[in-house]
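Asker: The following file, query-v1.pdb, comprises PDB, C-alpha atoms (C1' of nucleotides):
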ATOM      1  CA  MET A1105      33.658 131.158 -33.103
ATOM      2  CA  THR A1106      30.905 129.077 -31.655
ATOM      3  CA  THR A1107      32.477 128.221 -28.322
ATOM      4  CA  ALA A1108      35.084 130.231 -26.479
ATOM      5  CA  THR A1109      35.856 128.410 -23.263
ATOM      6  CA  ASN A1110      39.310 128.986 -21.932
ATOM      7  CA  VAL A1111      40.011 126.273 -19.431
ATOM      8  CA  PRO A1112      43.080 126.024 -17.208
ATOM      9  CA  HIS A1113      45.680 123.310 -17.604
ATOM     10  CA  PRO A1114      46.189 120.893 -16.147
ATOM     11  CA  LEU A1115      42.449 120.427 -15.963
ATOM     12  CA  PRO A1116      41.131 120.505 -12.396
ATOM     13  CA  ALA A1117      40.035 117.095 -11.218
ATOM     14  CA  PRO A1118      36.292 117.805 -10.897
ATOM     15  CA  LEU A1119      36.195 119.228 -14.405
ATOM     16  CA  VAL A1120      37.897 116.138 -15.731
ATOM     17  CA  GLU A1121      35.212 114.015 -14.131
ATOM     18  CA  VAL A1122      32.429 116.087 -15.618
ATOM     19  CA  ILE A1123      33.956 116.071 -19.076
ATOM     20  CA  ALA A1124      34.490 112.319 -18.995
ATOM     21  CA  GLU A1125      30.951 111.867 -17.740
ATOM     22  CA  ARG A1126      29.549 113.667 -20.748
ATOM     23  CA  PHE A1127      31.652 111.636 -23.138
ATOM     24  CA  ARG A1128      30.581 108.485 -21.366
ATOM     25  CA  VAL A1129      26.933 109.368 -21.864
ATOM     26  CA  LEU A1130      27.634 109.701 -25.574
ATOM     27  CA  GLY A1131      29.628 106.487 -25.687
ATOM     28  CA  GLU A1132      26.661 104.259 -26.358
ATOM     29  CA  PRO A1133      25.372 103.456 -29.855
ATOM     30  CA  MET A1134      21.735 103.481 -28.810
ATOM     31  CA  ARG A1135      22.034 106.902 -27.259
ATOM     32  CA  ILE A1136      23.725 108.227 -30.387
ATOM     33  CA  ARG A1137      20.849 106.810 -32.384
ATOM     34  CA  LEU A1138      18.325 108.434 -30.076
ATOM     35  CA  LEU A1139      19.983 111.816 -30.422
ATOM     36  CA  ASP A1140      20.151 111.358 -34.173
ATOM     37  CA  ALA A1141      16.460 110.500 -34.247
ATOM     38  CA  LEU A1142      15.698 113.673 -32.301
ATOM     39  CA  ARG A1143      17.751 115.737 -34.707
ATOM     40  CA  GLU A1144      14.840 117.108 -36.701
ATOM     41  CA  ALA A1145      12.053 117.299 -34.174
ATOM     42  CA  PRO A1146      11.025 116.296 -30.658
ATOM     43  CA  ALA A1147       9.525 112.827 -30.399
ATOM     44  CA  SER A1148       7.687 110.579 -27.988
ATOM     45  CA  VAL A1149       9.120 107.415 -26.520
ATOM     46  CA  GLN A1150       6.944 105.368 -28.802
ATOM     47  CA  GLU A1151       8.098 107.148 -31.932
ATOM     48  CA  LEU A1152      11.705 106.676 -30.916
ATOM     49  CA  GLN A1153      11.041 103.060 -30.071
ATOM     50  CA  VAL A1154       9.698 102.481 -33.568
ATOM     51  CA  ALA A1155      12.416 104.512 -35.260
ATOM     52  CA  ILE A1156      15.199 102.689 -33.511
ATOM     53  CA  GLY A1157      13.724  99.269 -33.011
ATOM     54  CA  ALA A1158      14.301  98.626 -29.350
ATOM     55  CA  SER A1159      12.129  97.779 -26.379
ATOM     56  CA  GLN A1160      10.131 100.563 -24.757
ATOM     57  CA  GLN A1161      11.897 100.025 -21.479
ATOM     58  CA  ASN A1162      15.322 100.206 -22.995
ATOM     59  CA  VAL A1163      14.518 103.350 -24.935
ATOM     60  CA  SER A1164      13.085 104.939 -21.810
ATOM     61  CA  LYS A1165      16.136 103.947 -19.842
ATOM     62  CA  HIS A1166      18.610 105.477 -22.265
ATOM     63  CA  LEU A1167      16.471 108.583 -22.576
ATOM     64  CA  GLY A1168      16.703 108.807 -18.812
ATOM     65  CA  VAL A1169      20.484 108.752 -19.035
ATOM     66  CA  LEU A1170      20.444 111.459 -21.689
ATOM     67  CA  LEU A1171      18.011 113.466 -19.574
ATOM     68  CA  ARG A1172      20.139 113.246 -16.446
ATOM     69  CA  GLY A1173      23.134 114.141 -18.565
ATOM     70  CA  GLY A1174      21.355 117.280 -19.675
ATOM     71  CA  LEU A1175      21.520 116.375 -23.356
ATOM     72  CA  VAL A1176      17.773 116.172 -23.839
ATOM     73  CA  SER A1177      14.774 117.728 -22.116
ATOM     74  CA  ARG A1178      11.430 116.120 -21.388
ATOM     75  CA  ARG A1179       7.971 117.629 -21.373
ATOM     76  CA  LYS A1180       4.700 115.856 -20.818
ATOM     77  CA  GLU A1181       2.220 116.325 -23.625
ATOM     78  CA  GLY A1182      -1.056 114.739 -22.572
ATOM     79  CA  ASN A1183      -0.393 111.061 -22.360
ATOM     80  CA  PHE A1184       2.973 111.255 -24.054
ATOM     81  CA  SER A1185       6.441 112.263 -23.018
ATOM     82  CA  LEU A1186       8.087 114.428 -25.616
ATOM     83  CA  TYR A1187      11.843 114.381 -25.624
ATOM     84  CA  GLU A1188      13.816 117.145 -27.232
ATOM     85  CA  ILE A1189      17.468 117.982 -27.834
ATOM     86  CA  ALA A1190      18.578 120.269 -25.016
ATOM     87  CA  ASP A1191      21.967 121.206 -26.405
ATOM     88  CA  GLU A1192      22.329 121.384 -30.167
ATOM     89  CA  GLY A1193      26.067 121.319 -29.618
ATOM     90  CA  VAL A1194      26.011 117.534 -29.512
ATOM     91  CA  PHE A1195      25.615 117.422 -33.271
ATOM     92  CA  GLU A1196      28.665 119.566 -33.659
ATOM     93  CA  LEU A1197      30.476 117.124 -31.393
ATOM     94  CA  CYS A1198      29.442 114.165 -33.529
ATOM     95  CA  GLU A1199      30.481 115.939 -36.683
ATOM     96  CA  GLN A1200      33.860 116.676 -35.221
ATOM     97  CA  VAL A1201      34.264 113.048 -34.306
ATOM     98  CA  CYS A1202      33.394 112.152 -37.870
ATOM     99  CA  GLY A1203      35.977 114.628 -39.047
ATOM    100  CA  GLY A1204      38.595 113.008 -36.870
ATOM    101  CA  LEU A1205      37.663 109.585 -38.154
ATOM    102  CA  ARG A1206      37.940 110.793 -41.718
ATOM    103  CA  ARG A1207      41.371 112.228 -41.038
ATOM    104  CA  GLN A1208      42.423 108.869 -39.667
ATOM    105  CA  LEU A1209      41.108 107.036 -42.699
ATOM    106  CA  ASP A1210      42.866 109.412 -45.051
ATOM    107  CA  GLU A1211      46.098 108.868 -43.190
ATOM    108  CA  LEU A1212      45.717 105.115 -43.397
ATOM    109  CA  ASP A1213      44.833 105.415 -47.062
ATOM    110  CA  SER A1214      48.010 107.284 -47.821
ATOM    111  CA  LEU A1215      49.967 104.389 -46.356
ATOM    112  CA  LEU A1216      48.487 101.813 -48.693
ATOM    113  CA  PRO A1217      50.487 100.646 -51.698
ATOM    114  CA  GLY A1218      49.921 103.247 -54.349
ATOM    115  CA  GLY A1219      49.307 105.904 -51.751
ATOM    116  CA  ALA A1220      46.518 108.437 -52.025
ATOM    117  CA  THR A1221      47.326 109.153 -55.653
ATOM    118  CA  ARG A1222      45.898 105.999 -57.131
TER     119      ARG A1222
ATOM    120  CA  MET B1439      36.592 125.606 -41.550
ATOM    121  CA  THR B1440      38.354 122.893 -39.640
ATOM    122  CA  THR B1441      35.961 120.032 -40.269
ATOM    123  CA  ALA B1442      33.445 119.683 -43.063
ATOM    124  CA  THR B1443      31.879 116.250 -42.828
ATOM    125  CA  ASN B1444      28.393 115.898 -44.180
ATOM    126  CA  VAL B1445      26.964 112.665 -42.905
ATOM    127  CA  PRO B1446      23.660 111.091 -43.939
ATOM    128  CA  HIS B1447      20.728 110.755 -41.574
ATOM    129  CA  PRO B1448      19.669 108.555 -40.038
ATOM    130  CA  LEU B1449      23.253 107.595 -39.316
ATOM    131  CA  PRO B1450      24.181 104.189 -40.762
ATOM    132  CA  ALA B1451      24.599 101.582 -38.046
ATOM    133  CA  PRO B1452      28.336 100.969 -38.442
ATOM    134  CA  LEU B1453      29.043 104.688 -38.245
ATOM    135  CA  VAL B1454      27.004 104.928 -35.065
ATOM    136  CA  GLU B1455      29.130 102.197 -33.546
ATOM    137  CA  VAL B1456      32.361 103.912 -34.490
ATOM    138  CA  ILE B1457      31.220 107.284 -33.189
ATOM    139  CA  ALA B1458      30.078 105.791 -29.901
ATOM    140  CA  GLU B1459      33.343 103.902 -29.652
ATOM    141  CA  ARG B1460      35.337 107.089 -29.882
ATOM    142  CA  PHE B1461      33.194 108.791 -27.270
ATOM    143  CA  ARG B1462      33.545 105.764 -25.050
ATOM    144  CA  VAL B1463      37.320 105.985 -25.241
ATOM    145  CA  LEU B1464      37.067 109.583 -24.078
ATOM    146  CA  GLY B1465      34.592 108.700 -21.330
ATOM    147  CA  GLU B1466      37.233 107.979 -18.725
ATOM    148  CA  PRO B1467      38.725 110.577 -16.395
ATOM    149  CA  MET B1468      42.186 109.077 -16.467
ATOM    150  CA  ARG B1469      42.298 109.078 -20.243
ATOM    151  CA  ILE B1470      41.166 112.692 -20.316
ATOM    152  CA  ARG B1471      43.956 113.471 -17.898
ATOM    153  CA  LEU B1472      46.468 111.641 -20.065
ATOM    154  CA  LEU B1473      45.422 113.569 -23.142
ATOM    155  CA  ASP B1474      45.565 116.794 -21.178
ATOM    156  CA  ALA B1475      49.061 115.930 -19.989
ATOM    157  CA  LEU B1476      50.121 115.302 -23.581
ATOM    158  CA  ARG B1477      48.679 118.607 -24.648
ATOM    159  CA  GLU B1478      51.967 120.505 -24.785
ATOM    160  CA  ALA B1479      54.481 117.856 -25.682
ATOM    161  CA  PRO B1480      54.970 114.109 -26.132
ATOM    162  CA  ALA B1481      55.838 112.245 -22.955
ATOM    163  CA  SER B1482      57.022 108.886 -21.719
ATOM    164  CA  VAL B1483      54.946 106.540 -19.621
ATOM    165  CA  GLN B1484      56.987 107.426 -16.585
ATOM    166  CA  GLU B1485      56.474 111.150 -17.021
ATOM    167  CA  LEU B1486      52.767 110.640 -17.407
ATOM    168  CA  GLN B1487      52.724 108.324 -14.429
ATOM    169  CA  VAL B1488      54.301 111.031 -12.290
ATOM    170  CA  ALA B1489      52.156 113.816 -13.717
ATOM    171  CA  ILE B1490      48.929 111.963 -13.110
ATOM    172  CA  GLY B1491      49.768 109.927 -10.070
ATOM    173  CA  ALA B1492      48.718 106.453 -11.079
ATOM    174  CA  SER B1493      50.405 103.084 -11.323
ATOM    175  CA  GLN B1494      52.639 102.403 -14.289
ATOM    176  CA  GLN B1495      50.462  99.494 -15.341
ATOM    177  CA  ASN B1496      47.307 101.518 -15.257
ATOM    178  CA  VAL B1497      48.821 104.389 -17.211
ATOM    179  CA  SER B1498      50.190 101.984 -19.796
ATOM    180  CA  LYS B1499      46.829 100.287 -20.052
ATOM    181  CA  HIS B1500      44.882 103.475 -20.685
ATOM    182  CA  LEU B1501      47.527 104.655 -23.134
ATOM    183  CA  GLY B1502      46.949 101.388 -24.942
ATOM    184  CA  VAL B1503      43.254 102.171 -25.191
ATOM    185  CA  LEU B1504      44.012 105.637 -26.532
ATOM    186  CA  LEU B1505      46.503 104.138 -28.953
ATOM    187  CA  ARG B1506      44.072 101.564 -30.288
ATOM    188  CA  GLY B1507      41.496 104.319 -30.549
ATOM    189  CA  GLY B1508      43.885 106.279 -32.711
ATOM    190  CA  LEU B1509      43.948 109.267 -30.385
ATOM    191  CA  VAL B1510      47.637 109.020 -29.605
ATOM    192  CA  SER B1511      50.663 107.576 -31.392
ATOM    193  CA  ARG B1512      53.620 105.746 -29.895
ATOM    194  CA  ARG B1513      57.240 105.750 -30.859
ATOM    195  CA  LYS B1514      60.100 103.987 -29.129
ATOM    196  CA  GLU B1515      62.905 106.227 -28.038
ATOM    197  CA  GLY B1516      65.703 104.097 -26.663
ATOM    198  CA  ASN B1517      64.409 102.502 -23.535
ATOM    199  CA  PHE B1518      61.308 104.724 -23.387
ATOM    200  CA  SER B1519      57.999 104.858 -25.162
ATOM    201  CA  LEU B1520      57.038 108.332 -26.218
ATOM    202  CA  TYR B1521      53.339 108.929 -26.603
ATOM    203  CA  GLU B1522      52.024 111.817 -28.614
ATOM    204  CA  ILE B1523      48.657 113.276 -29.509
ATOM    205  CA  ALA B1524      47.668 111.845 -32.874
ATOM    206  CA  ASP B1525      44.608 113.991 -33.510
ATOM    207  CA  GLU B1526      44.660 117.515 -32.143
ATOM    208  CA  GLY B1527      40.927 117.596 -32.707
ATOM    209  CA  VAL B1528      40.348 115.985 -29.324
ATOM    210  CA  PHE B1529      41.111 119.265 -27.618
ATOM    211  CA  GLU B1530      38.497 120.968 -29.704
ATOM    212  CA  LEU B1531      36.094 118.250 -28.639
ATOM    213  CA  CYS B1532      36.853 118.823 -24.970
ATOM    214  CA  GLU B1533      36.456 122.542 -25.350
ATOM    215  CA  GLN B1534      33.106 122.071 -26.986
ATOM    216  CA  VAL B1535      32.015 119.868 -24.142
ATOM    217  CA  CYS B1536      33.109 122.581 -21.750
ATOM    218  CA  GLY B1537      31.096 125.060 -23.763
ATOM    219  CA  GLY B1538      28.028 122.878 -23.491
ATOM    220  CA  LEU B1539      28.531 122.526 -19.763
ATOM    221  CA  ARG B1540      28.821 126.264 -19.412
ATOM    222  CA  ARG B1541      25.622 126.803 -21.363
ATOM    223  CA  GLN B1542      23.884 124.396 -19.015
ATOM    224  CA  LEU B1543      25.177 126.177 -15.952
ATOM    225  CA  ASP B1544      24.112 129.543 -17.314
ATOM    226  CA  GLU B1545      20.661 128.192 -17.979
ATOM    227  CA  LEU B1546      20.404 126.836 -14.463
ATOM    228  CA  ASP B1547      21.737 130.089 -13.104
ATOM    229  CA  SER B1548      19.037 132.076 -14.839
ATOM    230  CA  LEU B1549      16.439 129.962 -13.074
ATOM    231  CA  LEU B1550      17.680 130.766  -9.593
ATOM    232  CA  PRO B1551      15.918 133.416  -7.506
ATOM    233  CA  GLY B1552      17.385 136.718  -8.607
ATOM    234  CA  GLY B1553      18.073 135.341 -12.048
ATOM    235  CA  ALA B1554      21.191 136.140 -13.995
ATOM    236  CA  THR B1555      20.757 139.857 -13.336
ATOM    237  CA  ARG B1556      21.869 139.784  -9.738
TER     238      ARG B1556
ATOM    239  C1'  DC C 581      76.497  87.857 -20.274
ATOM    240  C1'  DT C 582      74.191  89.569 -16.318
ATOM    241  C1'  DC C 583      71.784  93.113 -14.170
ATOM    242  C1'  DG C 584      68.538  96.793 -13.843
ATOM    243  C1'  DC C 585      65.273  99.987 -15.789
ATOM    244  C1'  DA C 586      61.142 101.156 -18.666
ATOM    245  C1'  DT C 587      57.323  99.303 -20.575
ATOM    246  C1'  DA C 588      53.763  95.908 -22.067
ATOM    247  C1'  DC C 589      50.794  92.133 -21.228
ATOM    248  C1'  DA C 590      47.828  88.531 -18.742
ATOM    249  C1'  DA C 591      44.967  87.278 -14.979
ATOM    250  C1'  DC C 592      42.120  88.466 -11.221
ATOM    251  C1'  DG C 593      38.480  90.640  -8.215
ATOM    252  C1'  DA C 594      35.319  94.516  -7.734
ATOM    253  C1'  DT C 595      32.293  97.597  -9.730
ATOM    254  C1'  DA C 596      29.412  99.375 -13.433
ATOM    255  C1'  DT C 597      26.528  99.152 -17.298
ATOM    256  C1'  DA C 598      23.317  97.109 -20.996
ATOM    257  C1'  DG C 599      19.188  94.774 -21.893
ATOM    258  C1'  DT C 600      15.292  92.118 -20.214
ATOM    259  C1'  DT C 601      11.268  91.188 -17.184
ATOM    260  C1'  DG C 602       7.897  92.705 -14.206
ATOM    261  C1'  DT C 603       5.257  96.317 -12.331
ATOM    262  C1'  DG C 604       3.501 100.980 -10.834
ATOM    263  C1'  DC C 605       1.848 105.534 -12.190
ATOM    264  C1'  DT C 606      -0.825 108.945 -14.900
ATOM    265  C1'  DA C 607      -3.935 110.436 -18.387
ATOM    266  C1'  DT C 608      -7.559 109.429 -21.669
ATOM    267  C1'  DG C 609     -11.905 107.204 -23.102
ATOM    268  C1'  DG C 610     -16.110 104.566 -22.423
TER     269       DG C 610
ATOM    270  C1'  DC D 183     -15.504 103.868 -12.026
ATOM    271  C1'  DC D 184     -12.962 100.856 -14.797
ATOM    272  C1'  DA D 185     -10.091  99.665 -18.768
ATOM    273  C1'  DT D 186      -6.479 100.841 -21.619
ATOM    274  C1'  DA D 187      -2.410 103.213 -23.458
ATOM    275  C1'  DG D 188       2.035 105.393 -22.711
ATOM    276  C1'  DC D 189       5.735 105.762 -19.924
ATOM    277  C1'  DA D 190       9.016 105.233 -15.863
ATOM    278  C1'  DC D 191      11.159 102.582 -12.447
ATOM    279  C1'  DA D 192      13.083  98.424  -9.817
ATOM    280  C1'  DA D 193      15.174  93.924  -9.891
ATOM    281  C1'  DC D 194      17.813  90.712 -12.261
ATOM    282  C1'  DT D 195      21.419  88.480 -15.366
ATOM    283  C1'  DA D 196      25.201  88.886 -18.472
ATOM    284  C1'  DT D 197      28.932  91.349 -19.941
ATOM    285  C1'  DA D 198      32.423  94.908 -19.789
ATOM    286  C1'  DT D 199      35.644  97.760 -17.648
ATOM    287  C1'  DC D 200      38.606  99.594 -13.970
ATOM    288  C1'  DG D 201      42.548  99.088 -11.077
ATOM    289  C1'  DT D 202      45.748  95.850  -9.111
ATOM    290  C1'  DT D 203      49.185  92.080  -8.979
ATOM    291  C1'  DG D 204      52.443  89.387 -11.182
ATOM    292  C1'  DT D 205      55.348  88.716 -14.922
ATOM    293  C1'  DA D 206      57.450  88.909 -19.612
ATOM    294  C1'  DT D 207      60.052  91.645 -23.122
ATOM    295  C1'  DG D 208      63.506  94.858 -24.821
ATOM    296  C1'  DC D 209      67.282  97.926 -24.278
ATOM    297  C1'  DG D 210      71.431  99.894 -22.145
ATOM    298  C1'  DA D 211      75.262  99.700 -18.602
ATOM    299  C1'  DG D 212      78.981  97.403 -16.458
TER     300       DG D 212
END
Written as structure tokens, that's how I'd like the structure from this file.

Answerer:
Amino acid sequence: MTTATNVPHPLPAPLVEVIAERFRVLGEPMRIRLLDALREAPASVQELQVAIGASQQNVSKHLGVLLRGGLVSRRKEGNFSLYEIADEGVFELCEQVCGGLRRQLDELDSLLPGGATR
Amino acid sequence: MTTATNVPHPLPAPLVEVIAERFRVLGEPMRIRLLDALREAPASVQELQVAIGASQQNVSKHLGVLLRGGLVSRRKEGNFSLYEIADEGVFELCEQVCGGLRRQLDELDSLLPGGATR
DNA sequence: CTCGCATACAACGATATAGTTGTGCTATGG
DNA sequence: CCATAGCACAACTATATCGTTGTATGCGAG
């Protein structure tokens, strides 16, 4: 088991806020793309800007959100700022979301004329 | 293994949008609370309204968002609408988020004077 | 059929967020 | 010392979302 976190129910209000906050940080396509771009290795703002195709300011802004959210870490390397994934768990999160989406699609598929057997 | 979804990288743009969309749906405290309240059993709008302490309209609205997001399902039972968790995977998601939060706290804790040994 | 309850939907104001523009800060090189 | 590159931050506009108010719909009771 990768994560064993037994939480009480109903969830205490502050915890709910924190959980929602983390989801909200991830609820932006550009930030997902940034995290995906950082998947293999740390990168500078410029590299990410090129990889994603957005303005430097916008990339920096979203990286700031990810940084404050604790999802990435920043270290200055000479003239550059190198961003790095702080919690590899985010990829697991994304994969689980993909799994859920796939389940939904399969369910829809089985409702189509012909079902899932065709 | 509960979910085995191998996705290509970089993530194709439409997939990024869909993933972010799902996270965005979860990025609201009230919706987290609704899902948490539905954890054990399906419930009507009124029950959820009481359990959470929000207006009927607001509860119904957020349930609509969850419904359109495919996270809950709705079935009419006489005069009531019974909402039910559609994808149990959301709880796993929340627990993983909690795990990530705990890791962050532990890391911070180890940086305090006295470290994690005190 | 009329009334009342449970729910859904539309419109509105207030707040928040995304993306742009402009600018300041720091490090490197001449 | 000055110029430049890389990055972060503030201000601004447009859009989106939250929560509320008002109302419509559907079902059961009398």

Asker: Would you kindly return, as a list in words, each protein, DNA or RNA residue with an atom no farther than 9 Å from any atom of B:Met1468, considering all atoms listed in the file and excluding same-chain residues fewer than 2 positions away?

Answerer: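 Selected residues are Val1120, Glu1121 and Ala1124 of chain A; Glu1466, Ile1470, Arg1471, Leu1472, Leu1473, Ile1490, Ala1492, Val1497 and His1500 of chain B.
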
Asker: Give me the result of the PyMOL selection byres ((chain B) within 12 of (chain D)) on this file, residue by residue, as a list in words.

Answerer: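 Listing what the PyMOL selection byres ((chain B) within 12 of (chain D)) selects in the shown file: Arg1462, Val1463, Gly1465, Glu1466, Pro1467, Met1468, Arg1469, Ala1492, Ser1493, Gln1494, Gln1495, Asn1496, Val1497, Ser1498, Lys1499, His1500, Val1503, Lys1514, Glu1515, Gly1516, Asn1517, Phe1518 and Ser1519 of chain B.
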
Asker: Using all atoms listed in the file, which residue out of C:DG593, C:DG610, C:DG599, C:DG584 lies closest to chain A?

Answerer: C:DG599

Asker: Atom CA of B:Gln1484 and atom CA of B:Leu1464, how far apart in Å?

Answerer: 21.4 Å

Asker: Can you work out which residues from chain A touch chain B at a cut-off of 8 Å (counting all atoms listed in the file) and hand them back as JSON, numbers by chain?

Answerer: {"A": [1107, 1108, 1109, 1110, 1111, 1113, 1114, 1115, 1120, 1121, 1123, 1124, 1125, 1126, 1127, 1128, 1129, 1130, 1131, 1132, 1133, 1136, 1137, 1140, 1141, 1174, 1191, 1193, 1197, 1198, 1199, 1200, 1201, 1202, 1203, 1204, 1208]}

Asker: To one decimal in Å, tell me the separation between atom CA of A:Ser1177 and atom CA of B:Asp1547.

Answerer: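 Spanning atom CA of A:Ser1177 to atom CA of B:Asp1547 is a straight-line distance of 16.8 Å.
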
Asker: For a quick test of understanding: name the residues of chain C lying within 10 Å of chain A when counting only C-alpha atoms (C1' of nucleotides), and present them as a PyMOL selection string.

Answerer: chain C and resi 598-601+606-608

Asker: Mind writing the picked residues with C-alpha atoms (C1' of nucleotides) as a JSON list (two decimals), keeping the file's coordinate frame?

Answerer:
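The result, written out as part_20.json:
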[["chain", "number", "residue", "atom", "x", "y", "z"],
["C", 598, "DA", "C1'", 23.32, 97.11, -21.00],
["C", 599, "DG", "C1'", 19.19, 94.77, -21.89],
["C", 600, "DT", "C1'", 15.29, 92.12, -20.21],
["C", 601, "DT", "C1'", 11.27, 91.19, -17.18],
["C", 606, "DT", "C1'", -0.82, 108.94, -14.90],
["C", 607, "DA", "C1'", -3.94, 110.44, -18.39],
["C", 608, "DT", "C1'", -7.56, 109.43, -21.67]]

Asker: Show me, as JSON, the centre and edge lengths in Å to one decimal of the axis-aligned box that covers every listed atom of stretch 1132-1147 of chain A with 4 Å on each side.

Answerer:
{"center_x": 18.1, "center_y": 110.4, "center_z": -31.5, "size_x": 25.1, "size_y": 21.8, "size_z": 18.3}

Asker: Please indicate the distance in Å from atom CA of B:Leu1520 to atom CA of A:Glu1211, rounded to one decimal place.

Answerer: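 Separating atom CA of B:Leu1520 from atom CA of A:Glu1211 is a distance of 20.2 Å.
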